[in-house]
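What follows is the content of coords10.cif (mmCIF, C-alpha atoms).
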data_structure
#
loop_
_atom_site.label_atom_id
_atom_site.label_comp_id
_atom_site.auth_asym_id
_atom_site.auth_seq_id
_atom_site.Cartn_x
_atom_site.Cartn_y
_atom_site.Cartn_z
CA MET A 1 1.59 10.38 -8.25
CA LEU A 2 -1.77 12.07 -7.97
CA TYR A 3 -2.89 14.15 -10.94
CA HIS A 4 -6.13 15.98 -11.57
CA VAL A 5 -6.91 15.53 -15.26
CA GLN A 6 -9.64 17.36 -17.13
CA ALA A 7 -10.57 18.16 -20.70
CA GLY A 8 -9.42 21.58 -21.75
CA VAL A 9 -8.13 23.88 -24.43
CA LYS A 10 -4.46 23.72 -25.39
CA ASN A 11 -2.52 26.99 -25.51
CA GLY A 12 -5.72 29.08 -25.69
CA ASP A 13 -6.64 27.59 -29.09
CA LYS A 14 -10.31 26.51 -28.85
CA SER A 15 -9.92 24.28 -31.92
CA SER A 16 -7.19 22.32 -30.17
CA ARG A 17 -8.74 20.25 -27.39
CA GLY A 18 -6.78 18.01 -25.07
CA PHE A 19 -6.26 17.28 -21.41
CA LEU A 20 -5.00 19.58 -18.70
CA TYR A 21 -2.90 17.97 -15.96
CA ARG A 22 -2.40 19.38 -12.47
CA ARG A 23 -0.10 17.53 -10.07
CA LEU A 24 -1.72 17.18 -6.65
CA GLY A 25 0.83 14.97 -4.90
CA GLY A 26 3.44 12.29 -5.23
CA THR A 27 5.88 10.03 -3.44
CA ARG A 28 8.55 11.70 -1.33
CA ASP A 29 10.67 8.59 -0.72
CA ASP A 30 9.65 4.92 -1.01
CA ALA A 31 6.67 4.40 -3.29
CA ALA A 32 4.02 1.86 -2.26
CA GLY A 33 5.33 -0.84 -4.60
CA GLU A 34 8.88 -0.23 -3.43
CA ALA A 35 7.77 -0.60 0.20
CA TYR A 36 6.07 -3.92 -0.67
CA ASP A 37 9.27 -5.14 -2.34
CA LYS A 38 11.49 -4.09 0.58
CA VAL A 39 9.23 -5.65 3.21
CA ALA A 40 9.05 -8.83 1.12
CA ARG A 41 12.85 -8.89 1.03
CA LEU A 42 13.01 -8.48 4.83
CA LEU A 43 10.57 -11.37 5.29
CA ALA A 44 12.10 -13.55 2.50
CA LEU A 45 8.95 -13.58 0.38
CA GLY A 46 10.60 -13.08 -3.01
CA TYR A 47 10.40 -10.44 -5.70
CA PRO A 48 8.19 -8.74 -6.67
CA GLY A 49 6.77 -8.53 -3.16
CA GLY A 50 3.34 -7.07 -3.87
CA PRO A 51 1.54 -10.12 -5.25
CA VAL A 52 2.88 -12.52 -2.58
CA ILE A 53 2.16 -10.14 0.31
CA ASP A 54 -1.34 -9.54 -1.06
CA GLN A 55 -2.06 -13.28 -1.29
CA LEU A 56 -0.56 -14.11 2.11
CA ALA A 57 -2.35 -11.21 3.86
CA ALA A 58 -5.67 -12.90 3.05
CA HIS A 59 -4.66 -15.81 5.33
CA ALA A 60 -4.16 -13.69 8.45
CA VAL A 61 -6.60 -14.70 11.17
CA ASP A 62 -6.35 -11.25 12.74
CA SER A 63 -4.62 -8.27 11.12
CA ARG A 64 -3.56 -7.06 14.55
CA LEU A 65 -0.29 -8.58 15.61
CA VAL A 66 -0.36 -11.02 18.46
CA GLN A 67 0.59 -8.97 21.50
CA ASP A 68 3.94 -9.80 22.96
CA THR A 69 5.95 -8.45 25.88
CA ASN A 70 7.07 -5.53 23.71
CA GLY A 71 3.49 -4.56 22.84
CA GLY A 72 3.44 -5.75 19.24
CA LEU A 73 3.77 -3.57 16.15
CA HIS A 74 1.15 -1.02 15.24
CA PHE A 75 1.33 1.09 12.09
CA GLY A 76 -0.09 4.50 12.86
CA PRO A 77 -1.19 6.95 10.20
CA VAL A 78 1.61 8.34 8.06
CA LYS A 79 2.26 11.95 9.03
CA ILE A 80 3.73 14.28 6.45
CA LYS A 81 4.37 17.99 6.79
CA GLY A 82 3.45 20.15 3.84
CA ASN A 83 1.37 18.77 1.00
CA PRO A 84 -1.36 16.48 2.42
CA TYR A 85 -1.52 14.58 -0.89
CA ASP A 86 2.11 13.41 -0.84
CA PHE A 87 2.99 9.82 0.07
CA SER A 88 5.80 8.38 2.19
CA PHE A 89 6.21 4.68 2.89
CA SER A 90 9.82 4.51 4.08
CA GLY A 91 8.70 4.77 7.72
CA ILE A 92 6.44 1.73 7.45
CA LYS A 93 9.23 -0.31 5.88
CA THR A 94 11.67 0.84 8.59
CA ALA A 95 9.17 -0.07 11.33
CA VAL A 96 9.05 -3.63 9.96
CA LEU A 97 12.86 -3.76 9.86
CA TYR A 98 13.21 -2.65 13.50
CA TYR A 99 10.43 -4.97 14.62
CA LEU A 100 12.16 -7.97 13.05
CA ARG A 101 15.49 -6.97 14.60
CA ALA A 102 13.85 -6.79 18.02
CA HIS A 103 12.15 -10.19 17.59
CA PRO A 104 14.65 -12.92 16.72
CA GLU A 105 11.86 -15.51 16.91
CA PHE A 106 11.10 -14.64 13.25
CA THR A 107 14.61 -15.59 12.09
CA ALA A 108 14.08 -19.35 11.72
CA GLU A 109 11.04 -19.03 9.47
CA ILE A 110 12.68 -16.25 7.43
CA ASP A 111 15.64 -18.60 6.89
CA ALA A 112 13.25 -21.40 5.88
CA ARG A 113 11.53 -19.13 3.34
CA ARG A 114 14.89 -17.98 2.03
CA ALA A 115 15.83 -21.64 1.44
CA ALA A 116 12.49 -22.26 -0.28
CA LEU A 117 13.09 -19.29 -2.59
CA GLN A 118 16.54 -20.66 -3.47
CA GLU A 119 14.87 -23.96 -4.38
CA GLY A 120 12.53 -22.09 -6.72
CA ARG A 121 9.46 -22.25 -4.49
CA ARG A 122 8.24 -18.67 -4.96
CA LYS A 123 4.45 -18.90 -5.02
CA ALA A 124 2.36 -17.76 -2.07
CA ALA A 125 1.05 -21.33 -1.75
CA ASP A 126 4.64 -22.55 -1.35
CA LEU A 127 5.49 -19.94 1.28
CA LEU A 128 2.25 -20.02 3.27
CA PRO A 129 3.17 -23.18 5.28
CA LEU A 130 6.42 -21.39 6.22
CA CYS A 131 4.59 -18.36 7.67
CA SER A 132 3.55 -18.28 11.31
CA SER A 133 0.37 -16.57 12.46
CA PRO A 134 2.35 -13.53 13.74
CA THR A 135 4.05 -13.24 10.34
CA LEU A 136 0.72 -13.34 8.51
CA SER A 137 -0.62 -10.72 10.90
CA LEU A 138 2.44 -8.54 10.28
CA ILE A 139 1.96 -8.88 6.51
CA SER A 140 -1.75 -8.08 6.75
CA ASN A 141 -1.15 -5.13 9.07
CA PHE A 142 1.51 -3.75 6.73
CA GLN A 143 -0.79 -4.06 3.71
CA GLU A 144 -3.70 -2.49 5.58
CA ALA A 145 -1.56 0.53 6.53
CA VAL A 146 -0.30 1.09 2.98
CA VAL A 147 -3.75 0.71 1.39
CA HIS A 148 -5.38 2.94 4.00
CA ASP A 149 -2.87 5.71 3.31
CA LEU A 150 -3.22 5.38 -0.48
CA VAL A 151 -7.02 5.46 -0.34
CA THR A 152 -7.32 8.21 2.26
CA ARG A 153 -5.03 10.64 0.44
CA THR A 154 -6.44 9.80 -2.99
CA LEU A 155 -10.05 10.30 -1.94
CA ALA A 156 -9.21 13.55 -0.14
CA ALA A 157 -7.53 14.83 -3.31
CA ALA A 158 -10.52 13.74 -5.40
CA VAL A 159 -12.94 15.59 -3.15
CA GLU A 160 -10.76 18.72 -3.06
CA SER A 161 -10.40 18.80 -6.84
CA GLY A 162 -14.02 17.87 -7.59
CA ALA A 163 -13.05 14.73 -9.49
CA ARG A 164 -15.93 12.53 -10.64
CA THR A 165 -13.80 9.51 -11.46
CA ILE A 166 -10.61 8.01 -10.08
CA LEU A 167 -8.28 6.01 -12.30
CA VAL A 168 -5.77 3.85 -10.45
CA SER A 169 -2.85 2.48 -12.44
CA GLY A 170 0.51 0.86 -11.84
CA GLY A 171 1.54 -2.39 -10.23
CA VAL A 172 -0.06 -1.74 -6.84
CA ALA A 173 -3.39 -1.15 -8.65
CA ALA A 174 -3.64 -4.96 -8.87
CA ASN A 175 -3.68 -5.25 -5.06
CA SER A 176 -6.90 -6.93 -3.93
CA ALA A 177 -7.26 -4.84 -0.76
CA LEU A 178 -6.87 -1.60 -2.72
CA ARG A 179 -9.32 -2.78 -5.37
CA ALA A 180 -11.86 -3.77 -2.72
CA TYR A 181 -11.59 -0.51 -0.79
CA ILE A 182 -11.48 2.20 -3.45
CA PRO A 183 -14.51 1.51 -5.70
CA ILE A 184 -17.24 2.70 -3.34
CA GLN A 185 -17.08 5.66 -1.01
CA VAL A 186 -19.75 7.89 0.46
CA ARG A 187 -20.27 11.43 -0.81
CA PRO A 188 -20.62 14.23 1.72
CA ASN A 189 -24.36 14.34 0.96
CA GLY A 190 -24.69 10.67 1.99
CA HIS A 191 -25.03 9.10 -1.47
CA GLU A 192 -22.67 6.34 -2.51
CA ARG A 193 -20.18 7.31 -5.13
CA ILE A 194 -18.64 4.59 -7.27
CA PHE A 195 -15.16 5.22 -8.59
CA PRO A 196 -14.55 2.87 -11.53
#

Please lay out the structure from this file as structure tokens.
Amino acid sequence: MLYHVQAGVKNGDKSSRGFLYRRLGGTRDDAAGEAYDKVARLLALGYPGGPVIDQLAAHAVDSRLVQDTNGGLHFGPVKIKGNPYDFSFSGIKTAVLYYLRAHPEFTAEIDARRAALQEGRRKAADLLPLCSSPTLSLISNFQEAVVHDLVTRTLAAAVESGARTILVSGGVAANSALRAYIPIQVRPNGHERIFP
């Protein structure tokens, strides 16, 4: 959800100060964390998927998938009609599903990770040796697409509403890529703006 929050007067009573909330956007289908969990399930990376995907994405040599005869998988920008500050991640999750169905070469390592999970080996360090370079690229590419969409829409909403600060909360707020990308952006006048 994206909310614009500002100090204000409650019910017209100037002695009663509080916060005024205006909803700017929200999730239409799969939320970001839900998409991480579903992609992690498809790739046999355990639950919750966010922390493991985040840690494994850091090991990708190249976030672009190795090109294959089918052209690889590319996550384009998420297109949504209507409110430009709404989010939708079901398409990204579905793209991963169809890509895996079209590429049976991923099946053996997914089965190996599934067996590791059943043995209780759930940490990223346990699963990393069971991830091929194309899998790590897929994971990194997925994460990059989700973070890019979150940041782009959030910053656009902040500029439109005149927000001076952005507060990010929830499970995905712990994501290292999101935390690295959102703190510093450039104002229209060219000065850096730091969002704590």

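CA of Val146 in chain A is positioned 14.8 Å from CA of Gly170 in chain A.
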
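When the PyMOL selection byres ((chain A and resi 39) around 8) is evaluated on the file shown here, the picked residues come out as Ala35, Tyr36, Asp37, Lys38, Ala40, Arg41, Leu42, Leu43, Gly49, Lys93, Val96 and Leu97 of chain A.
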
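Shortest atom-to-atom contact with Ala180 in chain A among A:Ala125, A:Ile166, A:Met1, A:Val151: A:Val151, counting all atoms listed in the file.
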
Carefully work through the PyMOL selection byres ((chain A and resi 19) around 7) for this structure and note down the residues it includes, as an MDAnalysis selection string.
chainID A and resid 5:8 18 20:21

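CA of Ser90 in chain A lies 26.2 Å from CA of Val61 in chain A.
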
If we count all atoms listed in the file, what is near Phe75 in chain A at a cut-off of 9 Å, once residues fewer than 6 positions away on the same chain are taken out, given as a VMD selection string?
chain A and resid 92 95 141 to 142 144 to 145

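The space between CA of Gln143 in chain A and CA of Pro51 in chain A spans 11.1 Å.
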
Just checking: using only C-alpha atoms, which residue out of A:His59, A:Leu117, A:Thr165, A:Ala174 ends up closest to Pro134 in chain A?
A:His59

Leaving out Ala157 in chain A and any residue of its chain fewer than 3 positions from it, which residues lie within 10 Å of it when counting all atoms listed in the file, given as a count of residues only?
15

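In terms of minimum interatomic distance to Lys79 in chain A, A:Asp149 ranks closest within A:Val159, A:Gly171, A:Asp149, A:Ala108, counting only C-alpha atoms.
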
Starting from 6 Å padding per side, set up an axis-aligned box that covers all listed atoms of range 74-86 of chain A and hand over centre and edge lengths in Å, one decimal, as lines of an AutoDock Vina configuration file.
center_x = 1.4
center_y = 9.6
center_z = 7.2
size_x = 17.9
size_y = 33.2
size_z = 28.1

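Against the coordinates shown, the PyMOL selection byres ((chain A and resi 176) around 12) returns Gly50, Pro51, Val52, Ile53, Asp54, Gln55, Leu56, Ala57, Ala58, Ser140, Gln143, Glu144, Val147, Gly171, Val172, Ala173, Ala174, Asn175, Ala177, Leu178, Arg179, Ala180, Tyr181, Ile182 and Pro183 of chain A.
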
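Nearest residue to Arg113 in chain A among A:Ala156, A:Leu167, A:Ala32, A:Leu128 is A:Leu128, counting all atoms listed in the file.
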
N, CA, C and O atoms are what I want for range 136-151 of chain A; can you complete it accordingly and write them as an mmCIF file, keeping the file's coordinate frame?
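Output file part.cif follows:
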data_model
loop_
_atom_site.group_PDB
_atom_site.id
_atom_site.type_symbol
_atom_site.label_atom_id
_atom_site.label_comp_id
_atom_site.auth_asym_id
_atom_site.auth_seq_id
_atom_site.Cartn_x
_atom_site.Cartn_y
_atom_site.Cartn_z
ATOM 1 N N LEU A 136 1.884 -13.677 9.353
ATOM 2 C CA LEU A 136 0.720 -13.340 8.510
ATOM 3 C C LEU A 136 0.029 -12.090 9.028
ATOM 4 O O LEU A 136 -0.436 -11.259 8.236
ATOM 5 N N SER A 137 -0.029 -11.927 10.334
ATOM 6 C CA SER A 137 -0.620 -10.720 10.900
ATOM 7 C C SER A 137 0.226 -9.493 10.561
ATOM 8 O O SER A 137 -0.316 -8.435 10.240
ATOM 9 N N LEU A 138 1.540 -9.627 10.635
ATOM 10 C CA LEU A 138 2.440 -8.540 10.280
ATOM 11 C C LEU A 138 2.227 -8.138 8.822
ATOM 12 O O LEU A 138 2.108 -6.954 8.495
ATOM 13 N N ILE A 139 2.163 -9.130 7.940
ATOM 14 C CA ILE A 139 1.960 -8.880 6.510
ATOM 15 C C ILE A 139 0.620 -8.168 6.282
ATOM 16 O O ILE A 139 0.538 -7.184 5.553
ATOM 17 N N SER A 140 -0.429 -8.667 6.913
ATOM 18 C CA SER A 140 -1.750 -8.080 6.750
ATOM 19 C C SER A 140 -1.796 -6.656 7.295
ATOM 20 O O SER A 140 -2.369 -5.750 6.674
ATOM 21 N N ASN A 141 -1.180 -6.449 8.456
ATOM 22 C CA ASN A 141 -1.150 -5.130 9.070
ATOM 23 C C ASN A 141 -0.387 -4.139 8.201
ATOM 24 O O ASN A 141 -0.802 -2.983 8.029
ATOM 25 N N PHE A 142 0.730 -4.582 7.643
ATOM 26 C CA PHE A 142 1.510 -3.750 6.730
ATOM 27 C C PHE A 142 0.654 -3.350 5.525
ATOM 28 O O PHE A 142 0.562 -2.175 5.167
ATOM 29 N N GLN A 143 0.018 -4.333 4.896
ATOM 30 C CA GLN A 143 -0.790 -4.060 3.710
ATOM 31 C C GLN A 143 -1.941 -3.103 4.040
ATOM 32 O O GLN A 143 -2.233 -2.174 3.288
ATOM 33 N N GLU A 144 -2.587 -3.341 5.161
ATOM 34 C CA GLU A 144 -3.700 -2.490 5.580
ATOM 35 C C GLU A 144 -3.255 -1.037 5.745
ATOM 36 O O GLU A 144 -3.950 -0.104 5.338
ATOM 37 N N ALA A 145 -2.078 -0.820 6.328
ATOM 38 C CA ALA A 145 -1.560 0.530 6.530
ATOM 39 C C ALA A 145 -1.265 1.222 5.205
ATOM 40 O O ALA A 145 -1.603 2.394 5.015
ATOM 41 N N VAL A 146 -0.639 0.509 4.288
ATOM 42 C CA VAL A 146 -0.300 1.090 2.980
ATOM 43 C C VAL A 146 -1.575 1.428 2.208
ATOM 44 O O VAL A 146 -1.727 2.534 1.686
ATOM 45 N N VAL A 147 -2.504 0.491 2.142
ATOM 46 C CA VAL A 147 -3.750 0.710 1.390
ATOM 47 C C VAL A 147 -4.551 1.846 2.013
ATOM 48 O O VAL A 147 -5.080 2.704 1.299
ATOM 49 N N HIS A 148 -4.634 1.870 3.328
ATOM 50 C CA HIS A 148 -5.380 2.940 4.000
ATOM 51 C C HIS A 148 -4.815 4.305 3.629
ATOM 52 O O HIS A 148 -5.558 5.242 3.322
ATOM 53 N N ASP A 149 -3.493 4.429 3.642
ATOM 54 C CA ASP A 149 -2.870 5.710 3.310
ATOM 55 C C ASP A 149 -3.125 6.075 1.845
ATOM 56 O O ASP A 149 -3.456 7.228 1.540
ATOM 57 N N LEU A 150 -2.976 5.113 0.942
ATOM 58 C CA LEU A 150 -3.220 5.380 -0.480
ATOM 59 C C LEU A 150 -4.661 5.851 -0.710
ATOM 60 O O LEU A 150 -4.902 6.844 -1.401
ATOM 61 N N VAL A 151 -5.605 5.147 -0.128
ATOM 62 C CA VAL A 151 -7.020 5.460 -0.340
ATOM 63 C C VAL A 151 -7.387 6.785 0.309
ATOM 64 O O VAL A 151 -8.052 7.631 -0.309
#
